[in-house]
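Trainee: Structure supplied as entry11.csv; contents: CSV, C-alpha atoms.
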```csv
chain,number,residue,atom,x,y,z
A,94,MET,CA,-44.4,10.0,-13.9
A,95,PRO,CA,-40.8,11.1,-14.4
A,96,LYS,CA,-38.2,8.7,-15.6
A,97,THR,CA,-36.0,7.3,-12.8
A,98,LYS,CA,-32.7,5.5,-12.9
A,99,GLU,CA,-32.7,1.8,-12.4
A,100,SER,CA,-30.6,2.3,-9.3
A,101,SER,CA,-33.3,4.4,-7.6
A,102,LYS,CA,-35.8,1.6,-7.6
A,103,CYS,CA,-36.5,-0.7,-4.7
A,104,GLU,CA,-35.2,-4.2,-5.3
A,105,ARG,CA,-38.1,-5.9,-3.5
A,106,CYS,CA,-41.2,-4.0,-4.9
A,107,GLY,CA,-39.7,-2.2,-7.9
A,108,LYS,CA,-41.2,1.2,-7.1
A,109,PRO,CA,-39.0,4.3,-7.5
A,110,HIS,CA,-38.0,5.7,-4.1
A,111,TYR,CA,-35.5,8.2,-2.7
A,112,TYR,CA,-34.4,6.5,0.4
A,113,PHE,CA,-33.1,2.9,0.7
A,114,GLU,CA,-31.7,0.8,3.5
A,115,PRO,CA,-30.0,-2.6,2.9
A,116,CYS,CA,-31.6,-5.6,4.5
A,117,ASP,CA,-28.9,-7.4,6.5
A,118,TYR,CA,-30.3,-10.8,5.7
A,119,CYS,CA,-31.0,-10.8,1.9
A,120,LYS,CA,-28.7,-7.9,1.1
A,121,LYS,CA,-31.4,-6.1,-1.0
A,122,ARG,CA,-31.8,-2.4,-1.0
A,123,VAL,CA,-35.4,-1.9,0.2
A,124,CYS,CA,-37.6,1.2,0.6
A,125,ARG,CA,-39.3,2.2,3.8
A,126,ALA,CA,-42.6,0.5,2.7
A,127,CYS,CA,-40.8,-2.8,2.3
A,128,GLN,CA,-38.8,-2.6,5.5
A,129,LYS,CA,-40.4,-4.4,8.4
A,130,SER,CA,-38.2,-3.3,11.2
A,131,SER,CA,-34.8,-1.7,12.0
A,132,LYS,CA,-32.8,-1.0,15.1
A,133,ASN,CA,-29.4,0.1,16.4
A,134,ALA,CA,-27.5,-3.0,17.2
A,135,SER,CA,-24.7,-0.9,18.8
A,136,LYS,CA,-23.7,2.7,18.8
A,137,THR,CA,-22.3,2.4,15.2
A,138,LYS,CA,-24.2,-0.4,13.6
A,139,ARG,CA,-27.8,-0.2,12.4
A,140,ILE,CA,-29.5,-3.4,11.2
A,141,ALA,CA,-32.7,-3.7,9.2
A,142,ILE,CA,-34.9,-6.6,8.0
A,143,CYS,CA,-37.3,-6.6,5.1
A,144,LYS,CA,-40.8,-8.0,5.0
A,145,THR,CA,-39.7,-11.0,3.0
A,146,CYS,CA,-37.0,-12.0,5.5
A,147,TRP,CA,-39.3,-11.4,8.4
A,148,THR,CA,-41.5,-14.4,7.3
A,149,THR,CA,-38.5,-16.7,7.7
A,150,SER,CA,-38.5,-17.6,11.4
A,151,LYS,CA,-34.7,-18.3,11.5
A,152,LYS,CA,-33.9,-14.8,10.1
A,153,ARG,CA,-36.5,-13.2,12.4
A,154,LYS,CA,-35.0,-14.9,15.5
A,155,ASN,CA,-31.5,-13.7,14.5
A,156,PHE,CA,-32.8,-10.1,14.1
A,157,LEU,CA,-34.6,-10.1,17.4
A,158,ALA,CA,-31.6,-11.6,19.2
A,159,ALA,CA,-29.3,-8.8,17.9
```
Go ahead and express the file in the form of structure tokens.
Mentor:
Amino acid sequence: MPKTKESSKCERCGKPHYYFEPCDYCKKRVCRACQKSSKNASKTKRIAICKTCWTTSKKRKNFLAA
């Protein structure tokens, strides 16, 4: 496996990846495998939630209400 920069690793699982999206609830950069769901809240804002935050019902309700 080639060496990767520390910044190209997922902050949730630690695996190297090439595409990250920030979770809007814990502010971690997560890969597609760790991302539970994402949606366009408006025409210009995209929100995402990771699998860890999805298990917290308060964060999940805020995501679904957006």
Trainee: So which residues touch Ala134 (chain A) within 10 Å, counting all atoms listed in the file, skipping near sequence neighbours fewer than 6 positions away, as a ChimeraX atom specification?
Mentor: /A:140-141,156,158-159
Trainee: Grab the CA of Arg153 (chain A) to CA of Phe113 (chain A) distance for me, in Å with one decimal place.
Mentor: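 Separating CA of Arg153 (chain A) from CA of Phe113 (chain A) is a distance of 20.2 Å.
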Trainee: Figure out the distance between CA of Asn155 (chain A) and CA of Asp117 (chain A), please, to one decimal in Å.
Mentor: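 Computing the Euclidean distance for CA of Asp117 (chain A) and CA of Asn155 (chain A) yields 10.5 Å.
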Trainee: Record the distance separating CA of Gly107 (chain A) and CA of Lys151 (chain A), expressed in Å with one decimal.
Mentor: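 According to the coordinates, CA of Gly107 (chain A) and CA of Lys151 (chain A) are separated by 25.7 Å.
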Trainee: Neighbouring residues of His110 (chain A) were defined as those with any atom within 10 Å, considering all atoms listed in the file; residues of the same chain fewer than 2 positions away were excluded. Please report them as a ChimeraX atom specification.
Mentor: /A:97,100-103,107-108,112-113,123-126
Trainee: What would the file look like if the residues just selected were written as a PDB file, in the frame of the given file with C-alpha atoms?
Mentor:
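Result file result-v8.pdb:
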```pdb
ATOM      1  CA  THR A  97     -36.000   7.300 -12.800  1.00  0.00           C
ATOM      2  CA  SER A 100     -30.600   2.300  -9.300  1.00  0.00           C
ATOM      3  CA  SER A 101     -33.300   4.400  -7.600  1.00  0.00           C
ATOM      4  CA  LYS A 102     -35.800   1.600  -7.600  1.00  0.00           C
ATOM      5  CA  CYS A 103     -36.500  -0.700  -4.700  1.00  0.00           C
ATOM      6  CA  GLY A 107     -39.700  -2.200  -7.900  1.00  0.00           C
ATOM      7  CA  LYS A 108     -41.200   1.200  -7.100  1.00  0.00           C
ATOM      8  CA  TYR A 112     -34.400   6.500   0.400  1.00  0.00           C
ATOM      9  CA  PHE A 113     -33.100   2.900   0.700  1.00  0.00           C
ATOM     10  CA  VAL A 123     -35.400  -1.900   0.200  1.00  0.00           C
ATOM     11  CA  CYS A 124     -37.600   1.200   0.600  1.00  0.00           C
ATOM     12  CA  ARG A 125     -39.300   2.200   3.800  1.00  0.00           C
ATOM     13  CA  ALA A 126     -42.600   0.500   2.700  1.00  0.00           C
TER      14      ALA A 126
END
```
Trainee: Using all atoms listed in the file for the distances, tell me which of A:Arg139, A:Arg105, A:Lys132, A:Lys120 is nearest to Leu157 (chain A).
Mentor: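 Closest to Leu157 (chain A), using all atoms listed in the file: A:Lys132.
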Trainee: Find the residues near Lys144 (chain A): any atom within 8 Å, counting only C-alpha atoms, skip ones fewer than 6 places away on the same chain, and give them as a list in words.
Mentor: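 In the requested form, the answer reads Cys127, Gln128 and Lys129 of chain A.
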